[in-house]
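S.K.: The following file, entry34.cif, comprises mmCIF, C-alpha atoms and all ligand atoms:
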data_coords
loop_
_atom_site.label_atom_id
_atom_site.label_comp_id
_atom_site.auth_asym_id
_atom_site.auth_seq_id
_atom_site.Cartn_x
_atom_site.Cartn_y
_atom_site.Cartn_z
CA MET G 1 -8.66 4.60 18.12
CA ARG G 2 -7.37 3.72 14.66
CA ARG G 3 -10.18 3.46 12.14
CA ALA G 4 -11.01 -0.11 11.13
CA PHE G 5 -10.06 -1.05 7.57
CA PHE G 6 -11.28 -3.91 5.39
CA ALA G 7 -9.94 -4.39 1.87
CA ALA G 8 -11.18 -6.81 -0.76
CA ASN G 9 -8.48 -8.31 -2.97
CA TRP G 10 -10.34 -9.80 -5.90
CA LYS G 11 -7.15 -11.08 -7.55
CA MET G 12 -7.92 -12.26 -11.12
CA PHE G 13 -11.67 -12.56 -10.55
CA LYS G 14 -14.59 -10.45 -11.80
CA THR G 15 -15.14 -8.82 -15.17
CA SER G 16 -16.22 -5.19 -15.13
CA GLN G 17 -19.85 -6.27 -15.38
CA GLU G 18 -19.50 -8.59 -12.39
CA ALA G 19 -17.73 -5.85 -10.47
CA GLU G 20 -20.66 -3.50 -11.07
CA VAL G 21 -23.16 -6.09 -9.89
CA PHE G 22 -21.12 -6.54 -6.70
CA LEU G 23 -20.91 -2.81 -6.06
CA ASN G 24 -24.63 -2.22 -6.57
CA ALA G 25 -25.43 -5.01 -4.12
CA LEU G 26 -22.91 -3.69 -1.58
CA LEU G 27 -24.24 -0.14 -1.74
CA ALA G 28 -27.89 -1.19 -1.58
CA ASN G 29 -27.74 -1.61 2.20
CA PRO G 30 -26.31 0.44 5.07
CA LEU G 31 -22.59 -0.17 5.56
CA PRO G 32 -20.57 -0.41 8.77
CA ASP G 33 -18.71 2.72 9.84
CA CYS G 34 -15.15 1.85 8.80
CA ASP G 35 -12.91 2.09 5.74
CA LEU G 36 -13.97 -0.36 3.04
CA VAL G 37 -11.77 -0.72 -0.04
CA LEU G 38 -12.32 -2.71 -3.23
CA CYS G 39 -9.29 -3.82 -5.26
CA PRO G 40 -10.63 -5.22 -8.54
CA PRO G 41 -8.47 -6.47 -11.40
CA LEU G 42 -7.16 -3.62 -13.56
CA LEU G 43 -9.69 -3.86 -16.36
CA SER G 44 -12.57 -3.69 -13.89
CA ILE G 45 -11.31 -0.49 -12.28
CA PRO G 46 -12.97 1.84 -14.83
CA ALA G 47 -16.39 0.28 -14.18
CA LEU G 48 -16.18 1.09 -10.46
CA SER G 49 -14.47 4.42 -10.91
CA GLY G 50 -17.58 6.49 -11.74
CA PRO G 51 -19.85 5.16 -8.98
CA LEU G 52 -17.07 5.28 -6.36
CA ALA G 53 -16.10 8.86 -7.23
CA GLN G 54 -19.28 10.02 -5.46
CA GLU G 55 -19.04 7.46 -2.66
CA THR G 56 -17.45 8.26 0.67
CA ARG G 57 -18.12 4.84 2.22
CA VAL G 58 -16.07 2.71 -0.19
CA GLY G 59 -12.62 3.42 -1.66
CA LEU G 60 -11.07 2.16 -4.90
CA GLY G 61 -7.79 0.26 -4.89
CA ALA G 62 -5.49 -1.47 -7.36
CA GLN G 63 -3.62 -4.75 -6.86
CA ASN G 64 -0.34 -3.52 -8.29
CA LEU G 65 1.41 -0.62 -10.00
CA HIS G 66 4.68 -0.19 -11.84
CA GLU G 67 7.35 1.81 -10.05
CA ALA G 68 8.28 3.86 -13.15
CA GLU G 69 6.34 6.92 -14.22
CA GLU G 70 5.95 5.49 -17.74
CA GLY G 71 8.10 3.71 -20.28
CA ALA G 72 8.79 0.61 -22.34
CA TYR G 73 7.31 -1.95 -19.92
CA THR G 74 5.03 -4.18 -21.96
CA GLY G 75 1.94 -5.26 -20.08
CA GLU G 76 2.44 -2.99 -17.07
CA VAL G 77 0.41 -0.14 -15.63
CA ALA G 78 1.74 3.31 -14.74
CA PRO G 79 0.64 5.18 -11.61
CA ARG G 80 -0.81 8.01 -13.71
CA MET G 81 -3.22 5.51 -15.32
CA LEU G 82 -4.52 4.44 -11.93
CA ASP G 83 -4.80 8.04 -10.82
CA GLU G 84 -6.87 8.84 -13.89
CA PHE G 85 -9.56 6.46 -12.63
CA GLY G 86 -9.63 7.71 -9.06
CA VAL G 87 -7.63 4.88 -7.48
CA LYS G 88 -6.70 5.75 -3.89
CA TYR G 89 -5.07 2.55 -2.57
CA VAL G 90 -2.56 0.08 -4.00
CA ILE G 91 -1.73 -3.38 -2.70
CA ILE G 92 2.06 -3.74 -2.84
CA GLY G 93 4.18 -6.80 -2.21
CA HIS G 94 1.39 -9.37 -2.07
CA SER G 95 2.95 -12.83 -1.72
CA GLU G 96 1.53 -13.88 -5.10
CA ARG G 97 3.28 -10.94 -6.77
CA ARG G 98 6.48 -11.74 -4.86
CA ALA G 99 6.30 -15.40 -5.88
CA TYR G 100 5.16 -15.17 -9.52
CA PHE G 101 6.05 -11.69 -10.75
CA ASN G 102 9.46 -10.94 -9.33
CA ASP G 103 8.37 -8.34 -6.81
CA THR G 104 11.53 -8.45 -4.74
CA ASP G 105 11.95 -6.40 -1.57
CA ASP G 106 13.85 -3.78 -3.60
CA ARG G 107 11.06 -3.46 -6.14
CA VAL G 108 8.49 -3.38 -3.39
CA ASN G 109 10.39 -0.45 -1.88
CA LEU G 110 10.39 1.39 -5.24
CA LYS G 111 6.68 0.71 -5.67
CA VAL G 112 5.89 2.02 -2.19
CA LYS G 113 7.81 5.21 -2.99
CA THR G 114 6.04 5.67 -6.32
CA ALA G 115 2.65 5.04 -4.72
CA LEU G 116 3.29 7.63 -2.01
CA LYS G 117 4.51 10.15 -4.55
CA TRP G 118 1.21 9.80 -6.38
CA GLY G 119 -0.82 10.16 -3.22
CA PHE G 120 -1.98 6.53 -3.09
CA THR G 121 -2.15 4.67 0.19
CA PRO G 122 0.08 1.59 -0.12
CA ILE G 123 -1.27 -1.58 1.47
CA LEU G 124 2.11 -3.18 2.08
CA CYS G 125 1.95 -6.97 2.49
CA CYS G 126 4.37 -9.15 4.41
CA GLY G 127 4.33 -12.68 5.73
CA GLU G 128 6.24 -15.90 6.20
CA ASN G 129 5.95 -19.22 4.39
CA LEU G 130 5.26 -22.50 6.14
CA GLU G 131 8.89 -23.51 6.42
CA GLU G 132 9.81 -20.16 7.98
CA ARG G 133 7.00 -20.52 10.50
CA GLU G 134 8.03 -24.06 11.37
CA ILE G 135 11.66 -23.22 11.96
CA GLY G 136 10.67 -20.18 14.02
CA VAL G 137 11.90 -17.24 11.92
CA THR G 138 8.53 -15.59 11.27
CA LEU G 139 9.30 -12.35 13.10
CA GLU G 140 12.70 -12.02 11.44
CA LYS G 141 11.22 -12.58 7.97
CA VAL G 142 8.47 -10.03 8.46
CA ALA G 143 10.85 -7.48 10.01
CA MET G 144 13.20 -7.87 7.04
CA GLN G 145 10.40 -7.38 4.50
CA LEU G 146 9.20 -4.27 6.32
CA LYS G 147 12.62 -2.74 6.83
CA LYS G 148 13.48 -3.21 3.17
CA GLY G 149 10.03 -2.19 1.95
CA LEU G 150 10.09 1.04 3.97
CA GLU G 151 13.74 1.92 3.44
CA GLY G 152 14.37 5.62 2.83
CA LEU G 153 10.89 6.76 3.83
CA SER G 154 10.29 9.63 6.23
CA ALA G 155 8.22 9.17 9.39
CA GLU G 156 5.46 11.18 7.75
CA GLU G 157 5.46 8.83 4.74
CA ILE G 158 5.43 5.71 6.91
CA ASP G 159 2.41 7.13 8.67
CA ARG G 160 0.46 7.05 5.39
CA ILE G 161 0.90 3.32 4.88
CA VAL G 162 -1.35 0.40 5.79
CA VAL G 163 0.42 -2.88 6.54
CA ALA G 164 -1.13 -6.30 5.93
CA TYR G 165 0.31 -9.32 7.71
CA GLU G 166 -0.48 -12.33 5.55
CA PRO G 167 1.12 -15.67 6.38
CA ILE G 168 1.59 -17.33 2.99
CA TRP G 169 0.41 -20.73 4.25
CA ALA G 170 -2.91 -19.17 5.26
CA ILE G 171 -3.71 -17.50 1.94
CA GLY G 172 -6.46 -19.23 0.00
CA THR G 173 -5.99 -22.43 1.97
CA GLY G 174 -8.86 -22.21 4.46
CA ARG G 175 -6.21 -22.64 7.16
CA ASN G 176 -6.25 -19.29 8.95
CA ALA G 177 -3.65 -18.27 11.52
CA SER G 178 -4.83 -18.33 15.12
CA ALA G 179 -5.66 -14.94 16.56
CA ALA G 180 -2.84 -15.40 19.08
CA ASP G 181 -0.30 -15.98 16.29
CA ALA G 182 -1.58 -12.98 14.34
CA VAL G 183 -1.40 -10.79 17.46
CA GLU G 184 2.17 -11.85 18.17
CA VAL G 185 3.37 -11.00 14.66
CA ILE G 186 1.37 -7.78 14.41
CA ASP G 187 2.78 -6.58 17.74
CA GLY G 188 6.21 -7.35 16.27
CA ILE G 189 5.32 -5.33 13.16
CA ARG G 190 4.36 -2.38 15.37
CA LYS G 191 7.77 -2.51 17.06
CA VAL G 192 9.49 -2.50 13.66
CA LEU G 193 7.38 0.48 12.59
CA ASN G 194 8.49 2.37 15.70
CA VAL G 195 12.12 1.62 14.94
CA VAL G 196 12.07 2.48 11.23
CA SER G 197 10.01 5.65 11.68
CA GLY G 198 11.96 6.90 14.68
CA VAL G 199 8.61 7.96 16.11
CA ASN G 200 5.59 6.00 17.30
CA ALA G 201 4.32 4.89 13.85
CA GLY G 202 3.61 1.51 15.44
CA GLU G 203 0.74 3.12 17.29
CA THR G 204 -0.72 5.13 14.42
CA VAL G 205 -0.31 2.88 11.35
CA ARG G 206 -3.12 0.45 10.65
CA VAL G 207 -2.08 -3.18 10.52
CA LEU G 208 -4.38 -5.81 9.04
CA TYR G 209 -4.47 -9.57 9.15
CA GLY G 210 -5.03 -11.52 5.92
CA GLY G 211 -5.29 -15.22 5.11
CA SER G 212 -8.58 -17.15 4.96
CA VAL G 213 -10.57 -14.45 6.77
CA LYS G 214 -14.29 -15.22 6.67
CA PRO G 215 -17.44 -13.90 8.37
CA GLU G 216 -17.11 -16.72 10.93
CA ASN G 217 -13.59 -15.85 12.10
CA ALA G 218 -13.39 -12.06 11.64
CA ALA G 219 -14.44 -11.34 15.23
CA GLU G 220 -11.66 -13.52 16.68
CA TYR G 221 -9.06 -11.22 15.17
CA MET G 222 -10.81 -7.94 15.70
CA ALA G 223 -11.36 -8.61 19.40
CA HIS G 224 -7.65 -7.76 19.70
CA ARG G 225 -6.93 -4.06 19.64
CA THR G 226 -3.68 -4.45 17.74
CA ILE G 227 -5.49 -5.83 14.67
CA ASP G 228 -7.19 -3.04 12.74
CA GLY G 229 -8.92 -4.98 10.00
CA ALA G 230 -8.42 -7.52 7.25
CA LEU G 231 -7.24 -8.03 3.69
CA ILE G 232 -9.65 -10.53 2.23
CA GLY G 233 -9.38 -12.67 -0.90
CA GLY G 234 -11.88 -15.47 -1.47
CA ALA G 235 -14.48 -14.30 1.04
CA SER G 236 -14.53 -10.81 -0.49
CA LEU G 237 -15.99 -12.01 -3.77
CA LYS G 238 -19.55 -11.93 -2.46
CA PRO G 239 -20.88 -8.59 -1.21
CA GLU G 240 -22.79 -10.12 1.70
CA SER G 241 -19.73 -12.01 2.91
CA PHE G 242 -17.39 -8.99 2.58
CA LYS G 243 -19.88 -6.85 4.47
CA ALA G 244 -20.42 -9.51 7.16
CA ILE G 245 -16.66 -9.66 7.79
CA ALA G 246 -16.58 -5.90 8.35
CA GLU G 247 -19.70 -5.94 10.51
CA ASN G 248 -18.63 -8.87 12.66
CA GLY G 249 -15.13 -7.51 12.98
CA LEU G 250 -16.29 -4.04 13.94
CA LYS G 251 -18.71 -5.38 16.54
CA ALA G 252 -15.92 -7.34 18.19
CA ARG G 253 -13.61 -4.32 18.08
CA LEU G 254 -16.09 -1.95 19.66
CA GLY G 255 -17.70 -4.47 22.01
P1 LIG X 301 -7.70 -15.32 1.11
O1 LIG X 301 -6.65 -14.32 0.42
O2 LIG X 301 -8.62 -14.46 1.96
O3 LIG X 301 -8.42 -15.96 -0.02
O4 LIG X 301 -6.93 -16.27 1.95
C1 LIG X 301 -6.08 -13.25 1.15
C2 LIG X 301 -5.14 -12.47 0.27
O5 LIG X 301 -4.50 -13.05 -0.59
O6 LIG X 301 -5.03 -11.24 0.39
#
Show the structure stored in the file as structure tokens.
Ligand code: PGA
M.R.:
Amino acid sequence: MRRAFFAANWKMFKTSQEAEVFLNALLANPLPDCDLVLCPPLLSIPALSGPLAQETRVGLGAQNLHEAEEGAYTGEVAPRMLDEFGVKYVIIGHSERRAYFNDTDDRVNLKVKTALKWGFTPILCCGENLEEREIGVTLEKVAMQLKKGLEGLSAEEIDRIVVAYEPIWAIGTGRNASAADAVEVIDGIRKVLNVVSGVNAGETVRVLYGGSVKPENAAEYMAHRTIDGALIGGASLKPESFKAIAENGLKARLG
């Protein structure tokens, strides 16, 4: 069975001091047996880097990287700078980056390639907006984002990716997708992964749901074998809530 995976996307929340307080609280208690990943804002990465270097239960992620190795890109961060602090995962193509920071499908593809080159695990996000859902083109939209995002990658590279399905209308709105809707799209994602990899990547790659996941609804998703975990924004800001999502989700997956 694919190992369950829960990632916290803190977006532009938490100073380095607040990040440390969170981590100490999270590590103070036993943790569920799954992959847990924290993606703090850039300036809070160094604060978590030391403690997480010794920690096998929790991985360190970034919310973005630049596709170039280095250069004249004011305000950006190079992959080598993330590597220096022990970052292992990078969220790529989040809908907020696509909407506000010009992360087009082509740039997403370059970022995925750079991330893989540096040994990071890309958490590649895809998802439809409300209009696309209402007119019934969700699967086409997601397939397009994935095909473009994964263009030119080998089957072995595709196997190293984690995909997050995040309907845009469900992010930060409290209006989560039904488990049935998430299952339908994630099964579609698995078919696309099989096609683009030419092998059975749809069975080996972990696919997460994201969008208003909370401790109260995590089990609904994880009761379905096709859903391997969650990418969590708002409800990941408190250690007890992040942990409860993983615990409730894992219980539903195993039970
Ligand atoms: P949310 O955010 O859990 O606050 O809806 C999810 C995300 O943006 O990854």
S.K.: Sorted by chain and rising residue number, which residues of chain G lie within 8 Å of ligand LIG 301 (chain X), and what are their closest atom pairs and distances in Å to one decimal, counting all atoms listed in the file, as a tab-separated table?
M.R.:
residue	atom	partner	partner_atom	distance
G:Ala8	CA	X:LIG301	O6	7.7
G:Asn9	CA	X:LIG301	O6	5.6
G:Lys11	CA	X:LIG301	O5	7.7
G:His94	CA	X:LIG301	O5	7.1
G:Ser95	CA	X:LIG301	O5	7.5
G:Glu96	CA	X:LIG301	O5	7.6
G:Glu166	CA	X:LIG301	O6	7.0
G:Ala170	CA	X:LIG301	O4	6.0
G:Ile171	CA	X:LIG301	O4	3.4
G:Gly172	CA	X:LIG301	O4	3.6
G:Thr173	CA	X:LIG301	O4	6.2
G:Gly174	CA	X:LIG301	O4	6.7
G:Asn176	CA	X:LIG301	O4	7.7
G:Gly210	CA	X:LIG301	C1	5.2
G:Gly211	CA	X:LIG301	O4	3.7
G:Ser212	CA	X:LIG301	O4	3.5
G:Val213	CA	X:LIG301	O2	5.2
G:Lys214	CA	X:LIG301	O2	7.4
G:Leu231	CA	X:LIG301	O6	5.1
G:Ile232	CA	X:LIG301	O2	4.1
G:Gly233	CA	X:LIG301	O1	3.5
G:Gly234	CA	X:LIG301	O3	3.8
G:Ala235	CA	X:LIG301	O2	5.9
G:Ser236	CA	X:LIG301	O2	7.4
S.K.: When you draw a straight line from CA of Val137 in chain G to CA of Lys191 in chain G, how long is it in Å?
M.R.: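 One can read the CA of Val137 in chain G to CA of Lys191 in chain G distance as 16.1 Å.
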S.K.: Name the closest residue to Thr138 in chain G among the candidates G:Gly188, G:Gln17, G:Val162, G:Gly119; distances are taken between atoms, counting all atoms listed in the file.
M.R.: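 The shortest atom-to-atom distance to Thr138 in chain G comes from G:Gly188.
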S.K.: To one decimal place in Å, what is the distance between CA of Cys125 in chain G and CA of Tyr165 in chain G?
M.R.: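 Interatomic distance here is 6.0 Å.
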S.K.: What gap, in Å, lies between CA of Gly149 in chain G and CA of Ile123 in chain G?
M.R.: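 Computing it gives 11.3 Å between the two atoms.
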S.K.: Which of these residues is nearest to Asp181 in chain G, using only C-alpha atoms: G:Val58, G:Leu139, G:Ala218, G:Leu48?
M.R.: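 Looking at the shortest contact to Asp181 in chain G, the residue is G:Leu139.
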S.K.: Give the padded box for range 65-84 of chain G as JSON: axis-aligned, covering all atoms listed in the file, 4 Å on each side, centre and edge lengths in Å to one decimal.
M.R.:
{"center_x": 1.0, "center_y": 1.8, "center_z": -16.2, "size_x": 23.7, "size_y": 22.1, "size_z": 20.3}
S.K.: Just checking: using only C-alpha atoms, which residue out of G:Glu76, G:Gly249, G:Asn109, G:Pro239 ends up closest to Glu20 in chain G?
M.R.: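 Once distances to Glu20 in chain G are computed over only C-alpha atoms, the minimum belongs to G:Pro239.
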S.K.: Using only C-alpha atoms, which of the listed residues (G:Asn24, G:Thr74, G:Thr226, G:Thr121) sits closest to Gly59 in chain G?
M.R.: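 Distance minimum relative to Gly59 in chain G lands on G:Thr121.
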S.K.: Using only C-alpha atoms, which of G:Leu31, G:Cys126, G:Ala78, G:Val87 sits nearest Val185 in chain G?
M.R.: G:Cys126
S.K.: Closest to Val108 in chain G among G:Gly127, G:Tyr89, G:Phe22, G:Leu146, using all atoms listed in the file?
M.R.: G:Leu146
S.K.: Counting all atoms listed in the file, note down every residue that has an atom within 12 Å of the point (-4.1, 6.3, -10.9) (file coordinates), as a PyMOL selection string.
M.R.: chain G and resi 42+45-46+49+60-66+69+77-90+114-121
S.K.: So that I have them on file, write out the residues from the current selection with C-alpha atoms, as a compact mmCIF listing (two decimals), keeping the file's coordinate frame.
M.R.:
# COMPACT_ATOMS: atom_id res chain seq x y z
CA LEU G 42 -7.16 -3.62 -13.56
CA ILE G 45 -11.31 -0.49 -12.28
CA PRO G 46 -12.97 1.84 -14.83
CA SER G 49 -14.47 4.42 -10.91
CA LEU G 60 -11.07 2.16 -4.90
CA GLY G 61 -7.79 0.26 -4.89
CA ALA G 62 -5.49 -1.47 -7.36
CA GLN G 63 -3.62 -4.75 -6.86
CA ASN G 64 -0.34 -3.52 -8.29
CA LEU G 65 1.41 -0.62 -10.00
CA HIS G 66 4.68 -0.19 -11.84
CA GLU G 69 6.34 6.92 -14.22
CA VAL G 77 0.41 -0.14 -15.63
CA ALA G 78 1.74 3.31 -14.74
CA PRO G 79 0.64 5.18 -11.61
CA ARG G 80 -0.81 8.01 -13.71
CA MET G 81 -3.22 5.51 -15.32
CA LEU G 82 -4.52 4.44 -11.93
CA ASP G 83 -4.80 8.04 -10.82
CA GLU G 84 -6.87 8.84 -13.89
CA PHE G 85 -9.56 6.46 -12.63
CA GLY G 86 -9.63 7.71 -9.06
CA VAL G 87 -7.63 4.88 -7.48
CA LYS G 88 -6.70 5.75 -3.89
CA TYR G 89 -5.07 2.55 -2.57
CA VAL G 90 -2.56 0.08 -4.00
CA THR G 114 6.04 5.67 -6.32
CA ALA G 115 2.65 5.04 -4.72
CA LEU G 116 3.29 7.63 -2.01
CA LYS G 117 4.51 10.15 -4.55
CA TRP G 118 1.21 9.80 -6.38
CA GLY G 119 -0.82 10.16 -3.22
CA PHE G 120 -1.98 6.53 -3.09
CA THR G 121 -2.15 4.67 0.19
